[in-house]
$ cat structure-v8.pdb   # PDB, C-alpha atoms and all ligand atoms
ATOM      1  CA  MET A   1      16.768   1.599  23.292
ATOM      2  CA  ILE A   2      15.684   0.283  19.871
ATOM      3  CA  VAL A   3      12.037  -0.602  19.234
ATOM      4  CA  THR A   4      11.382  -3.190  16.511
ATOM      5  CA  VAL A   5       8.069  -3.684  14.698
ATOM      6  CA  GLN A   6       7.319  -6.743  16.813
ATOM      7  CA  GLN A   7       8.025  -4.891  20.056
ATOM      8  CA  HIS A   8       5.894  -1.971  18.855
ATOM      9  CA  ILE A   9       2.984  -4.268  18.024
ATOM     10  CA  LEU A  10       3.277  -5.996  21.397
ATOM     11  CA  GLN A  11       3.317  -2.602  23.147
ATOM     12  CA  GLN A  12       0.231  -1.555  21.208
ATOM     13  CA  GLN A  13      -1.392  -4.979  21.336
ATOM     14  CA  ASP A  14      -2.437  -4.661  24.962
ATOM     15  CA  GLU A  15      -4.344  -1.485  24.047
ATOM     16  CA  LEU A  16      -5.432  -2.413  20.512
ATOM     17  CA  PHE A  17      -5.926  -6.141  20.418
ATOM     18  CA  PRO A  18      -6.507  -7.313  23.999
ATOM     19  CA  THR A  19      -8.214 -10.401  22.604
ATOM     20  CA  ALA A  20      -5.634 -11.063  19.913
ATOM     21  CA  ARG A  21      -2.963 -12.467  22.184
ATOM     22  CA  GLY A  22      -0.003 -12.733  19.823
ATOM     23  CA  SER A  23      -1.890 -13.722  16.666
ATOM     24  CA  PHE A  24      -1.687 -10.232  15.188
ATOM     25  CA  SER A  25       1.963  -9.721  16.081
ATOM     26  CA  SER A  26       2.718 -13.189  14.675
ATOM     27  CA  LEU A  27       1.056 -12.147  11.403
ATOM     28  CA  LEU A  28       3.053  -8.890  11.282
ATOM     29  CA  SER A  29       6.279 -10.795  11.918
ATOM     30  CA  GLY A  30       5.453 -12.942   8.874
ATOM     31  CA  MET A  31       5.144  -9.709   6.892
ATOM     32  CA  THR A  32       8.433  -8.263   8.150
ATOM     33  CA  LEU A  33      10.252 -11.556   7.479
ATOM     34  CA  ALA A  34       8.957 -11.694   3.884
ATOM     35  CA  THR A  35       9.856  -8.054   3.212
ATOM     36  CA  LYS A  36      13.368  -8.591   4.593
ATOM     37  CA  MET A  37      13.761 -11.534   2.191
ATOM     38  CA  ILE A  38      12.506  -9.342  -0.686
ATOM     39  CA  GLN A  39      14.810  -6.502   0.286
ATOM     40  CA  ALA A  40      17.794  -8.861   0.332
ATOM     41  CA  LYS A  41      17.025  -9.898  -3.262
ATOM     42  CA  ILE A  42      16.406  -6.331  -4.474
ATOM     43  CA  ARG A  43      19.683  -5.204  -2.895
ATOM     44  CA  ARG A  44      21.533  -7.799  -5.011
ATOM     45  CA  ALA A  45      19.553  -7.265  -8.228
ATOM     46  CA  GLY A  46      22.080  -7.113 -11.049
ATOM     47  CA  LEU A  47      24.541  -9.289  -9.160
ATOM     48  CA  VAL A  48      22.304 -12.341  -9.253
ATOM     49  CA  ASP A  49      19.888 -13.461 -11.932
ATOM     50  CA  ILE A  50      16.832 -11.824 -10.346
ATOM     51  CA  ILE A  51      16.057  -8.878 -12.637
ATOM     52  CA  GLY A  52      14.228  -8.876 -15.927
ATOM     53  CA  SER A  53      11.112 -10.664 -17.035
ATOM     54  CA  ALA A  54      10.030 -14.015 -15.669
ATOM     55  CA  GLY A  55       8.437 -14.605 -19.057
ATOM     56  CA  ASP A  56       4.846 -14.877 -17.786
ATOM     57  CA  ILE A  57       1.894 -12.482 -17.883
ATOM     58  CA  ASN A  58       0.043 -11.938 -14.599
ATOM     59  CA  VAL A  59      -3.669 -11.599 -14.018
ATOM     60  CA  GLN A  60      -3.327  -7.855 -14.669
ATOM     61  CA  GLY A  61      -1.996  -8.572 -18.173
ATOM     62  CA  GLU A  62       1.409  -7.269 -17.074
ATOM     63  CA  THR A  63       4.726  -9.010 -17.761
ATOM     64  CA  GLN A  64       5.844 -10.611 -14.510
ATOM     65  CA  GLN A  65       9.340  -9.632 -13.421
ATOM     66  CA  LYS A  66      11.457 -12.318 -11.735
ATOM     67  CA  LEU A  67      11.352 -10.258  -8.548
ATOM     68  CA  ASP A  68       7.540 -10.108  -8.752
ATOM     69  CA  VAL A  69       7.455 -13.906  -8.657
ATOM     70  CA  TYR A  70      10.001 -14.106  -5.832
ATOM     71  CA  ALA A  71       8.251 -11.433  -3.766
ATOM     72  CA  ASN A  72       4.881 -13.117  -4.202
ATOM     73  CA  GLN A  73       6.241 -16.512  -3.196
ATOM     74  CA  ALA A  74       8.003 -15.060  -0.148
ATOM     75  CA  LEU A  75       4.778 -13.422   1.083
ATOM     76  CA  LEU A  76       2.592 -16.462   0.358
ATOM     77  CA  HIS A  77       5.026 -18.646   2.299
ATOM     78  CA  CYS A  78       5.772 -16.379   5.277
ATOM     79  CA  LEU A  79       2.108 -15.412   5.780
ATOM     80  CA  GLY A  80       0.616 -18.762   4.844
ATOM     81  CA  THR A  81       2.427 -20.441   7.735
ATOM     82  CA  ARG A  82       0.874 -18.096  10.350
ATOM     83  CA  GLU A  83      -1.929 -19.734  12.331
ATOM     84  CA  SER A  84      -4.113 -16.603  12.299
ATOM     85  CA  VAL A  85      -4.210 -16.302   8.475
ATOM     86  CA  ALA A  86      -7.293 -17.735   6.737
ATOM     87  CA  MET A  87      -6.760 -16.421   3.199
ATOM     88  CA  LEU A  88      -4.317 -14.446   1.091
ATOM     89  CA  VAL A  89      -5.127 -12.212  -1.883
ATOM     90  CA  SER A  90      -2.280 -11.105  -4.124
ATOM     91  CA  GLU A  91      -2.043  -8.866  -7.174
ATOM     92  CA  GLU A  92      -0.144 -11.749  -8.786
ATOM     93  CA  ASN A  93      -2.847 -14.390  -8.220
ATOM     94  CA  ALA A  94      -6.115 -14.410 -10.158
ATOM     95  CA  GLN A  95      -7.933 -16.107  -7.250
ATOM     96  CA  PRO A  96      -7.571 -15.838  -3.459
ATOM     97  CA  VAL A  97      -5.191 -18.377  -1.872
ATOM     98  CA  THR A  98      -7.220 -20.066   0.863
ATOM     99  CA  ILE A  99      -5.234 -21.566   3.710
ATOM    100  CA  ASP A 100      -6.997 -24.629   5.121
ATOM    101  CA  ARG A 101      -7.806 -23.060   8.503
ATOM    102  CA  SER A 102     -11.437 -22.255   7.847
ATOM    103  CA  GLU A 103     -12.265 -21.952  11.550
ATOM    104  CA  THR A 104      -9.023 -20.822  13.238
ATOM    105  CA  GLY A 105      -7.929 -18.291  10.628
ATOM    106  CA  LYS A 106      -9.049 -14.846  11.833
ATOM    107  CA  TYR A 107      -7.396 -12.626   9.231
ATOM    108  CA  VAL A 108      -7.313 -12.117   5.472
ATOM    109  CA  VAL A 109      -4.162 -10.457   4.126
ATOM    110  CA  VAL A 110      -4.335  -8.612   0.785
ATOM    111  CA  PHE A 111      -1.126  -7.456  -0.841
ATOM    112  CA  ASP A 112       0.710  -6.106  -3.852
ATOM    113  CA  PRO A 113       3.983  -8.010  -3.493
ATOM    114  CA  LEU A 114       6.149  -5.665  -5.525
ATOM    115  CA  ASP A 115       4.498  -2.478  -6.678
ATOM    116  CA  GLY A 116       6.333  -0.517  -9.352
ATOM    117  CA  SER A 117       8.359  -3.598 -10.323
ATOM    118  CA  SER A 118       8.858  -2.311 -13.876
ATOM    119  CA  ASN A 119      11.238   0.219 -12.274
ATOM    120  CA  ILE A 120      13.527  -2.419 -10.775
ATOM    121  CA  ASP A 121      15.839  -2.646 -13.791
ATOM    122  CA  VAL A 122      16.604   1.072 -13.540
ATOM    123  CA  ASN A 123      17.170   1.025  -9.782
ATOM    124  CA  VAL A 124      14.124   3.107  -8.858
ATOM    125  CA  SER A 125      12.409   2.529  -5.495
ATOM    126  CA  VAL A 126       9.717  -0.158  -5.448
ATOM    127  CA  GLY A 127       7.501  -1.381  -2.646
ATOM    128  CA  THR A 128       5.280  -3.983  -1.003
ATOM    129  CA  ILE A 129       1.788  -2.846   0.052
ATOM    130  CA  PHE A 130      -0.491  -4.806   2.424
ATOM    131  CA  SER A 131      -3.921  -4.618   3.976
ATOM    132  CA  ILE A 132      -5.248  -6.780   6.822
ATOM    133  CA  LEU A 133      -8.952  -7.550   7.244
ATOM    134  CA  ARG A 134     -10.729  -9.646   9.845
ATOM    135  CA  ARG A 135     -12.496 -12.634   8.261
ATOM    136  CA  PRO A 136     -16.212 -12.311   9.103
ATOM    137  CA  ASP A 137     -17.456 -15.355  11.067
ATOM    138  CA  GLY A 138     -18.746 -18.085   8.788
ATOM    139  CA  VAL A 139     -17.645 -16.241   5.621
ATOM    140  CA  HIS A 140     -15.153 -17.915   3.286
ATOM    141  CA  GLY A 141     -13.580 -17.328  -0.118
ATOM    142  CA  GLU A 142     -13.794 -14.074  -2.067
ATOM    143  CA  ALA A 143     -16.791 -12.877  -0.020
ATOM    144  CA  ALA A 144     -14.471 -12.506   2.987
ATOM    145  CA  VAL A 145     -12.502  -9.812   1.129
ATOM    146  CA  MET A 146     -15.454  -7.800  -0.159
ATOM    147  CA  GLN A 147     -15.259  -5.332   2.741
ATOM    148  CA  PRO A 148     -15.018  -1.537   2.485
ATOM    149  CA  GLY A 149     -11.613  -0.117   3.412
ATOM    150  CA  TRP A 150     -12.834   1.405   6.709
ATOM    151  CA  LYS A 151     -13.010  -2.179   8.019
ATOM    152  CA  GLN A 152      -9.264  -2.731   7.671
ATOM    153  CA  VAL A 153      -7.601  -3.899  10.891
ATOM    154  CA  ALA A 154      -4.192  -2.686   9.738
ATOM    155  CA  ALA A 155      -2.361  -1.587   6.599
ATOM    156  CA  GLY A 156       1.149  -0.692   5.573
ATOM    157  CA  TYR A 157       3.942  -0.823   3.064
ATOM    158  CA  VAL A 158       7.668  -1.279   2.746
ATOM    159  CA  VAL A 159       9.452   1.134   0.411
ATOM    160  CA  TYR A 160      12.725  -0.396  -0.842
ATOM    161  CA  GLY A 161      14.705   2.759  -1.494
ATOM    162  CA  SER A 162      17.948   4.359  -0.286
ATOM    163  CA  SER A 163      16.929   2.584   2.894
ATOM    164  CA  SER A 164      14.061   0.144   3.430
ATOM    165  CA  ILE A 165      11.279   1.606   5.540
ATOM    166  CA  PHE A 166       8.308  -0.329   6.968
ATOM    167  CA  VAL A 167       5.301   1.938   7.570
ATOM    168  CA  TYR A 168       2.097   0.675   9.187
ATOM    169  CA  THR A 169      -1.059   1.688  10.993
ATOM    170  CA  ALA A 170      -3.392  -0.398  13.151
ATOM    171  CA  GLY A 171      -5.885   2.452  13.414
ATOM    172  CA  HIS A 172      -4.090   4.392  16.134
ATOM    173  CA  GLY A 173      -1.537   6.469  14.265
ATOM    174  CA  VAL A 174       1.138   5.797  11.622
ATOM    175  CA  PHE A 175       4.596   4.486  12.502
ATOM    176  CA  GLY A 176       7.775   4.048  10.439
ATOM    177  CA  PHE A 177      10.652   1.626  10.953
ATOM    178  CA  THR A 178      13.975   1.667   9.097
ATOM    179  CA  LEU A 179      15.713  -1.638   8.346
ATOM    180  CA  ASP A 180      19.019  -1.747  10.204
ATOM    181  CA  PRO A 181      21.097  -4.160   8.081
ATOM    182  CA  ASP A 182      23.562  -4.632  10.941
ATOM    183  CA  ILE A 183      20.936  -6.306  13.116
ATOM    184  CA  GLY A 184      18.460  -7.383  10.395
ATOM    185  CA  ALA A 185      15.527  -5.688  12.101
ATOM    186  CA  PHE A 186      13.149  -2.839  11.265
ATOM    187  CA  VAL A 187      13.810  -0.233  13.980
ATOM    188  CA  LEU A 188      11.374   2.558  14.962
ATOM    189  CA  SER A 189      12.492   5.729  13.154
ATOM    190  CA  TYR A 190       9.201   7.668  12.767
ATOM    191  CA  PRO A 191       7.328   7.376  16.101
ATOM    192  CA  ASN A 192       4.304   9.390  14.934
ATOM    193  CA  LEU A 193       4.027  10.102  11.214
ATOM    194  CA  ARG A 194       1.738  13.029  10.350
ATOM    195  CA  MET A 195       1.060  14.270   6.813
ATOM    196  CA  PRO A 196       1.554  18.086   6.534
ATOM    197  CA  ASP A 197      -1.800  19.897   6.174
ATOM    198  CA  ARG A 198      -0.547  21.398   2.912
ATOM    199  CA  GLY A 199       2.439  20.688   0.609
ATOM    200  CA  THR A 200       4.189  22.166  -2.407
ATOM    201  CA  TYR A 201       4.168  19.139  -4.749
ATOM    202  CA  TYR A 202       1.599  17.532  -6.997
ATOM    203  CA  SER A 203       2.215  14.043  -8.386
ATOM    204  CA  VAL A 204       0.487  12.779 -11.554
ATOM    205  CA  ASN A 205       1.481  11.216 -14.895
ATOM    206  CA  GLU A 206       0.963  14.297 -17.067
ATOM    207  CA  ALA A 207       1.461  12.246 -20.259
ATOM    208  CA  ASN A 208      -2.216  11.304 -19.787
ATOM    209  CA  ALA A 209      -3.352  14.910 -19.175
ATOM    210  CA  ASP A 210      -5.227  15.252 -22.481
ATOM    211  CA  SER A 211      -7.591  12.471 -21.407
ATOM    212  CA  PHE A 212      -8.122  13.665 -17.802
ATOM    213  CA  PRO A 213     -11.645  14.946 -17.090
ATOM    214  CA  VAL A 214     -11.673  18.746 -17.465
ATOM    215  CA  HIS A 215     -11.974  19.523 -13.764
ATOM    216  CA  TYR A 216      -8.739  17.577 -13.096
ATOM    217  CA  ARG A 217      -6.942  19.707 -15.689
ATOM    218  CA  GLU A 218      -8.347  22.907 -14.203
ATOM    219  CA  TYR A 219      -7.300  21.804 -10.723
ATOM    220  CA  LEU A 220      -3.731  20.981 -11.822
ATOM    221  CA  GLY A 221      -3.495  24.301 -13.695
ATOM    222  CA  GLY A 222      -4.495  26.037 -10.466
ATOM    223  CA  LEU A 223      -1.721  24.268  -8.523
ATOM    224  CA  ARG A 224       0.866  25.238 -11.159
ATOM    225  CA  ALA A 225      -0.356  28.846 -10.975
ATOM    226  CA  LYS A 226       0.315  28.712  -7.211
ATOM    227  CA  GLY A 227       3.895  27.581  -7.884
ATOM    228  CA  TYR A 228       3.582  23.874  -7.000
ATOM    229  CA  SER A 229       6.381  21.611  -8.242
ATOM    230  CA  SER A 230       5.702  18.307 -10.011
ATOM    231  CA  ARG A 231       7.162  15.067  -8.686
ATOM    232  CA  TYR A 232       6.213  11.730 -10.284
ATOM    233  CA  ILE A 233       8.326   8.606  -9.739
ATOM    234  CA  GLY A 234       5.890   6.132 -11.305
ATOM    235  CA  SER A 235       6.208   3.853  -8.293
ATOM    236  CA  LEU A 236       3.083   4.306  -6.157
ATOM    237  CA  VAL A 237       4.750   3.455  -2.852
ATOM    238  CA  ALA A 238       7.572   5.952  -3.442
ATOM    239  CA  ASP A 239       5.159   8.684  -4.567
ATOM    240  CA  PHE A 240       2.960   7.990  -1.550
ATOM    241  CA  HIS A 241       5.878   7.923   0.895
ATOM    242  CA  ARG A 242       7.032  11.363  -0.290
ATOM    243  CA  THR A 243       3.472  12.706  -0.016
ATOM    244  CA  LEU A 244       3.153  11.262   3.503
ATOM    245  CA  LEU A 245       6.357  12.956   4.650
ATOM    246  CA  LYS A 246       6.275  16.197   2.613
ATOM    247  CA  GLY A 247       2.558  16.721   1.927
ATOM    248  CA  GLY A 248       0.958  17.720  -1.362
ATOM    249  CA  VAL A 249      -1.283  15.585  -3.550
ATOM    250  CA  PHE A 250      -0.992  12.380  -5.615
ATOM    251  CA  LEU A 251      -3.493  11.742  -8.388
ATOM    252  CA  TYR A 252      -4.248   8.871 -10.721
ATOM    253  CA  PRO A 253      -7.258  10.254 -12.607
ATOM    254  CA  PRO A 254      -9.537   8.353 -15.004
ATOM    255  CA  THR A 255      -7.800   8.156 -18.400
ATOM    256  CA  GLU A 256      -8.775   6.933 -21.875
ATOM    257  CA  LYS A 257      -6.781   3.723 -21.258
ATOM    258  CA  ASN A 258      -8.074   3.286 -17.692
ATOM    259  CA  PRO A 259     -11.481   5.032 -17.532
ATOM    260  CA  LYS A 260     -12.003   3.722 -13.976
ATOM    261  CA  GLY A 261      -8.443   4.625 -12.968
ATOM    262  CA  LYS A 262      -5.463   2.266 -13.019
ATOM    263  CA  LEU A 263      -4.727   1.606  -9.358
ATOM    264  CA  ARG A 264      -6.287  -1.357  -7.550
ATOM    265  CA  LEU A 265      -8.708  -0.713  -4.743
ATOM    266  CA  LEU A 266      -8.029  -3.624  -2.390
ATOM    267  CA  TYR A 267      -4.228  -3.721  -2.289
ATOM    268  CA  GLU A 268      -3.177  -0.241  -3.358
ATOM    269  CA  ALA A 269      -5.797   2.475  -2.745
ATOM    270  CA  ASN A 270      -7.385   1.039   0.437
ATOM    271  CA  PRO A 271      -4.193   0.459   2.470
ATOM    272  CA  LEU A 272      -2.683   3.794   1.426
ATOM    273  CA  ALA A 273      -5.986   5.607   2.067
ATOM    274  CA  PHE A 274      -6.094   4.117   5.589
ATOM    275  CA  LEU A 275      -2.532   5.340   6.197
ATOM    276  CA  ALA A 276      -3.267   8.773   4.682
ATOM    277  CA  GLU A 277      -6.327   9.322   6.897
ATOM    278  CA  GLN A 278      -4.531   8.024   9.990
ATOM    279  CA  ALA A 279      -1.761  10.563   9.279
ATOM    280  CA  GLY A 280      -4.276  13.433   8.909
ATOM    281  CA  GLY A 281      -4.655  13.370   5.122
ATOM    282  CA  LEU A 282      -7.532  12.413   2.809
ATOM    283  CA  ALA A 283      -8.110   9.917  -0.025
ATOM    284  CA  ILE A 284     -10.994   9.932  -2.515
ATOM    285  CA  ASP A 285     -11.720   8.262  -5.858
ATOM    286  CA  GLY A 286     -12.498  11.664  -7.348
ATOM    287  CA  SER A 287     -15.853  11.946  -5.629
ATOM    288  CA  GLN A 288     -16.242   9.546  -2.688
ATOM    289  CA  ARG A 289     -13.998   8.529   0.206
ATOM    290  CA  ILE A 290     -11.853   5.534  -0.875
ATOM    291  CA  LEU A 291     -12.490   3.753   2.433
ATOM    292  CA  ASP A 292     -16.268   3.860   1.882
ATOM    293  CA  ILE A 293     -16.184   2.032  -1.486
ATOM    294  CA  GLN A 294     -17.903  -1.368  -1.332
ATOM    295  CA  PRO A 295     -15.617  -3.683  -3.361
ATOM    296  CA  GLU A 296     -17.149  -5.917  -6.060
ATOM    297  CA  GLY A 297     -14.044  -7.719  -7.289
ATOM    298  CA  ILE A 298     -10.635  -8.482  -5.800
ATOM    299  CA  HIS A 299      -8.743  -6.812  -8.666
ATOM    300  CA  GLN A 300     -11.049  -3.863  -9.262
ATOM    301  CA  ARG A 301      -9.442  -0.541 -10.091
ATOM    302  CA  THR A 302     -10.157   2.989  -8.951
ATOM    303  CA  ALA A 303      -9.194   6.559  -9.633
ATOM    304  CA  LEU A 304      -7.319   8.171  -6.761
ATOM    305  CA  VAL A 305      -6.785  11.670  -5.358
ATOM    306  CA  MET A 306      -4.826  11.355  -2.109
ATOM    307  CA  GLY A 307      -2.712  13.630   0.052
ATOM    308  CA  SER A 308      -2.794  16.623   2.356
ATOM    309  CA  ARG A 309      -6.150  17.828   3.634
ATOM    310  CA  ALA A 310      -5.823  21.283   1.987
ATOM    311  CA  GLU A 311      -5.132  19.992  -1.531
ATOM    312  CA  VAL A 312      -7.735  17.224  -1.490
ATOM    313  CA  GLU A 313     -10.444  19.517  -0.080
ATOM    314  CA  GLU A 314      -9.538  22.048  -2.774
ATOM    315  CA  PHE A 315     -10.028  19.312  -5.401
ATOM    316  CA  GLU A 316     -13.393  18.368  -3.890
ATOM    317  CA  LYS A 317     -14.576  21.954  -4.417
ATOM    318  CA  LYS A 318     -13.976  21.443  -8.166
ATOM    319  CA  THR A 319     -16.253  18.417  -8.370
TER     320      THR A 319
HETATM  321  P1  LIG B   1       1.709   4.982 -15.091
HETATM  322  C1  LIG B   1       3.262   0.699 -11.245
HETATM  323  O1  LIG B   1       3.055  -0.122 -12.369
HETATM  324  C2  LIG B   1       1.930   1.260 -10.831
HETATM  325  O2  LIG B   1       1.014   0.247 -10.581
HETATM  326  C3  LIG B   1       2.106   2.162  -9.621
HETATM  327  O3  LIG B   1       3.169   1.789  -8.827
HETATM  328  C4  LIG B   1       2.324   3.529 -10.228
HETATM  329  O4  LIG B   1       1.846   4.573  -9.414
HETATM  330  C5  LIG B   1       1.525   3.458 -11.521
HETATM  331  O5  LIG B   1       1.433   2.081 -11.879
HETATM  332  C6  LIG B   1       2.218   4.195 -12.637
HETATM  333  O6  LIG B   1       1.364   4.130 -13.761
HETATM  334  O7  LIG B   1       0.510   4.770 -15.968
HETATM  335  O8  LIG B   1       1.857   6.426 -14.660
HETATM  336  O9  LIG B   1       2.994   4.405 -15.618
END
$ encode --input "structure-v8.pdb" --output "structure tokens"
Amino acid sequence: MIVTVQQHILQQQDELFPTARGSFSSLLSGMTLATKMIQAKIRRAGLVDIIGSAGDINVQGETQQKLDVYANQALLHCLGTRESVAMLVSEENAQPVTIDRSETGKYVVVFDPLDGSSNIDVNVSVGTIFSILRRPDGVHGEAAVMQPGWKQVAAGYVVYGSSSIFVYTAGHGVFGFTLDPDIGAFVLSYPNLRMPDRGTYYSVNEANADSFPVHYREYLGGLRAKGYSSRYIGSLVADFHRTLLKGGVFLYPPTEKNPKGKLRLLYEANPLAFLAEQAGGLAIDGSQRILDIQPEGIHQRTALVMGSRAEVEEFEKKT
């Protein structure tokens, strides 16, 4: 029998969200609908006028791709119509998008609509990353998002690759669902994802190596000496997905260009750190646990060392 994301949430809901009768599963179904719409566009990129630049620069100072704009609009629409959503925060929007449900909206959804989008034109895997927080009673606007990652209710991503896989956690394990195009549903394919305790890959953009802090360079030299292979796709979701399944370590160290690291805390590092820990791995910013960081801005960046327990603990010994 197939198990879809919605069915899985409903099965878990009785245990996890006894008080959230349907609102959480309704929110997740908004997420799966949006990601199916995005996948349908990505699958036809090149056949329809959906690749290339949209001509605008986003809040990150990056050139928006047409698919970035489409993905963002799909998520804003599909999530914004869900009763339980109070506010949306997107990489593509400078400010939070507040839905006028100041009392009924229980959740805040934070997302990177299309991570790695610069890779779309060369047919490399890209992804959508999301994080779900409960809106504290009586708190509105940006303040409602300034919560450390350990407060996340759920987190996940969709990697649009050779197949499209929806991976999520609600704090009780990590589950993966593969999109079955014949029925248009994400179907349970990884009933209990665990990250191997140790891997054989490290993943970092070595073009920046000369500006890594010395202890990062020493650490990477040690992995090479042990025979580790290097894998770096340049699409965070794809690099994370491989690390989740195969183990090893992903790093985005501080660099001259990004002295605080390049990746964003709220909608990249936090959701993936939640997933990594739930799967038995670890995620730090180079010194502290990612999930303990108290955010100060919705687009703040962080350094990231994330992966199997053995490799991250080995890194921590270097600091
Ligand atoms: P660099 C993509 O733009 C992204 O945000 C992540 O998906 C990816 O891990 C990282 O940037 C790649 O950055 O500096 O190595 O090209």
$ residues_near_ligand --input "structure-v8.pdb" --ligand "ligand LIG 1 (chain B)" --cutoff "6 Å" --atoms "all atoms listed in the file" --output "ChimeraX atom specification"
/A:115-116,205,234-236
$ closest_residue --input "structure-v8.pdb" --among "A:Ile165, A:Ile298, A:Val159, A:Leu272" --to "Ser90 of chain A" --atoms "only C-alpha atoms"
A:Ile298
$ closest_residue --input "structure-v8.pdb" --among "A:Leu265, A:Ala71, A:Ala54, A:Val145" --to "Ala86 of chain A" --atoms "all atoms listed in the file"
A:Val145
$ atom_distance --input "structure-v8.pdb" --atom1 "atom CA of Thr98 of chain A" --atom2 "atom CA of Phe24 of chain A"
18.2 Å
$ closest_residue --input "structure-v8.pdb" --among "A:Ile42, A:Ala170, A:Val109, A:Leu275" --to "Arg194 of chain A" --atoms "only C-alpha atoms"
A:Leu275
$ closest_residue --input "structure-v8.pdb" --among "A:Ser229, A:Gln73, A:Ser23, A:Asn58" --to "Val97 of chain A" --atoms "only C-alpha atoms"
A:Gln73
$ atom_distance --input "structure-v8.pdb" --atom1 "atom CA of Glu62 of chain A" --atom2 "atom CA of Ser118 of chain A"
9.5 Å
$ atom_distance --input "structure-v8.pdb" --atom1 "atom CA of Glu316 of chain A" --atom2 "atom CA of Gly261 of chain A"
17.2 Å
$ closest_residue --input "structure-v8.pdb" --among "A:Leu114, A:Val187, A:Leu67, A:Ala155" --to "Pro271 of chain A" --atoms "all atoms listed in the file"
A:Ala155
$ residues_around --input "structure-v8.pdb" --residues "Ala303 of chain A" --least-positions-apart "4" --cutoff "6 Å" --atoms "all atoms listed in the file" --output "PDB file with C-alpha atoms, keeping the file's coordinate frame"
ATOM      1  CA  TYR A 252      -4.248   8.871 -10.721  1.00  0.00           C
ATOM      2  CA  PRO A 253      -7.258  10.254 -12.607  1.00  0.00           C
ATOM      3  CA  PRO A 254      -9.537   8.353 -15.004  1.00  0.00           C
ATOM      4  CA  LYS A 260     -12.003   3.722 -13.976  1.00  0.00           C
ATOM      5  CA  GLY A 261      -8.443   4.625 -12.968  1.00  0.00           C
ATOM      6  CA  ASP A 285     -11.720   8.262  -5.858  1.00  0.00           C
TER       7      ASP A 285
END
$ closest_residue --input "structure-v8.pdb" --among "A:Ser125, A:Thr104, A:Gln95, A:Gln152" --to "His241 of chain A" --atoms "all atoms listed in the file"
A:Ser125
$ resolve_selection --input "structure-v8.pdb" --expression "the PyMOL selection byres (((chain A and resi 319) around 8) and not hetatm)" --output "number ranges by chain"
A: 215, 286-287, 315-318
$ residues_around --input "structure-v8.pdb" --residues "Asn208 of chain A" --least-positions-apart "5" --cutoff "9 Å" --atoms "only C-alpha atoms" --output "JSON, numbers by chain"
{"A": [253, 255, 256, 257]}
$ resolve_selection --input "structure-v8.pdb" --expression "the PyMOL selection byres (((chain A and resi 226) around 12) and not hetatm)" --output "PDB file with C-alpha atoms, in the coordinates of the input"
ATOM      1  CA  GLY A 199       2.439  20.688   0.609  1.00  0.00           C
ATOM      2  CA  THR A 200       4.189  22.166  -2.407  1.00  0.00           C
ATOM      3  CA  TYR A 201       4.168  19.139  -4.749  1.00  0.00           C
ATOM      4  CA  TYR A 202       1.599  17.532  -6.997  1.00  0.00           C
ATOM      5  CA  TYR A 219      -7.300  21.804 -10.723  1.00  0.00           C
ATOM      6  CA  LEU A 220      -3.731  20.981 -11.822  1.00  0.00           C
ATOM      7  CA  GLY A 221      -3.495  24.301 -13.695  1.00  0.00           C
ATOM      8  CA  GLY A 222      -4.495  26.037 -10.466  1.00  0.00           C
ATOM      9  CA  LEU A 223      -1.721  24.268  -8.523  1.00  0.00           C
ATOM     10  CA  ARG A 224       0.866  25.238 -11.159  1.00  0.00           C
ATOM     11  CA  ALA A 225      -0.356  28.846 -10.975  1.00  0.00           C
ATOM     12  CA  GLY A 227       3.895  27.581  -7.884  1.00  0.00           C
ATOM     13  CA  TYR A 228       3.582  23.874  -7.000  1.00  0.00           C
ATOM     14  CA  SER A 229       6.381  21.611  -8.242  1.00  0.00           C
ATOM     15  CA  GLU A 311      -5.132  19.992  -1.531  1.00  0.00           C
TER      16      GLU A 311
END
$ resolve_selection --input "structure-v8.pdb" --expression "the PyMOL selection byres (((chain A and resi 158) around 7) and not hetatm)" --output "PDB file with C-alpha atoms, keeping the file's coordinate frame"
ATOM      1  CA  GLY A 127       7.501  -1.381  -2.646  1.00  0.00           C
ATOM      2  CA  THR A 128       5.280  -3.983  -1.003  1.00  0.00           C
ATOM      3  CA  ILE A 129       1.788  -2.846   0.052  1.00  0.00           C
ATOM      4  CA  TYR A 157       3.942  -0.823   3.064  1.00  0.00           C
ATOM      5  CA  VAL A 159       9.452   1.134   0.411  1.00  0.00           C
ATOM      6  CA  TYR A 160      12.725  -0.396  -0.842  1.00  0.00           C
ATOM      7  CA  SER A 164      14.061   0.144   3.430  1.00  0.00           C
ATOM      8  CA  ILE A 165      11.279   1.606   5.540  1.00  0.00           C
ATOM      9  CA  PHE A 166       8.308  -0.329   6.968  1.00  0.00           C
ATOM     10  CA  VAL A 167       5.301   1.938   7.570  1.00  0.00           C
TER      11      VAL A 167
END
$ axis_aligned_box --input "structure-v8.pdb" --around "segment 291-309 of chain A" --padding-each-side "3 Å" --output "AutoDock Vina command-line options"
--center_x -10.3 --center_y 4.7 --center_z -3.2 --size_x 21.2 --size_y 32.3 --size_z 19.7
$ decode --input "structure-v8.pdb" --residues "segment 271-282 of chain A" --atoms "C-alpha atoms" --output "short mmCIF file (atom, residue, chain, number, x, y, z; two decimals), in the first residue's frame"
data_model
loop_
_atom_site.label_atom_id
_atom_site.label_comp_id
_atom_site.auth_asym_id
_atom_site.auth_seq_id
_atom_site.Cartn_x
_atom_site.Cartn_y
_atom_site.Cartn_z
CA PRO A 271 16.01 23.34 8.56
CA LEU A 272 18.92 21.19 7.36
CA ALA A 273 20.47 21.15 10.85
CA PHE A 274 17.14 19.94 12.29
CA LEU A 275 17.05 17.16 9.68
CA ALA A 276 20.73 16.27 10.24
CA GLU A 277 20.29 15.94 14.01
CA GLN A 278 17.03 14.00 13.63
CA ALA A 279 18.91 11.58 11.34
CA GLY A 280 21.75 11.14 13.87
CA GLY A 281 24.17 13.73 12.46
CA LEU A 282 25.41 17.10 13.74
#
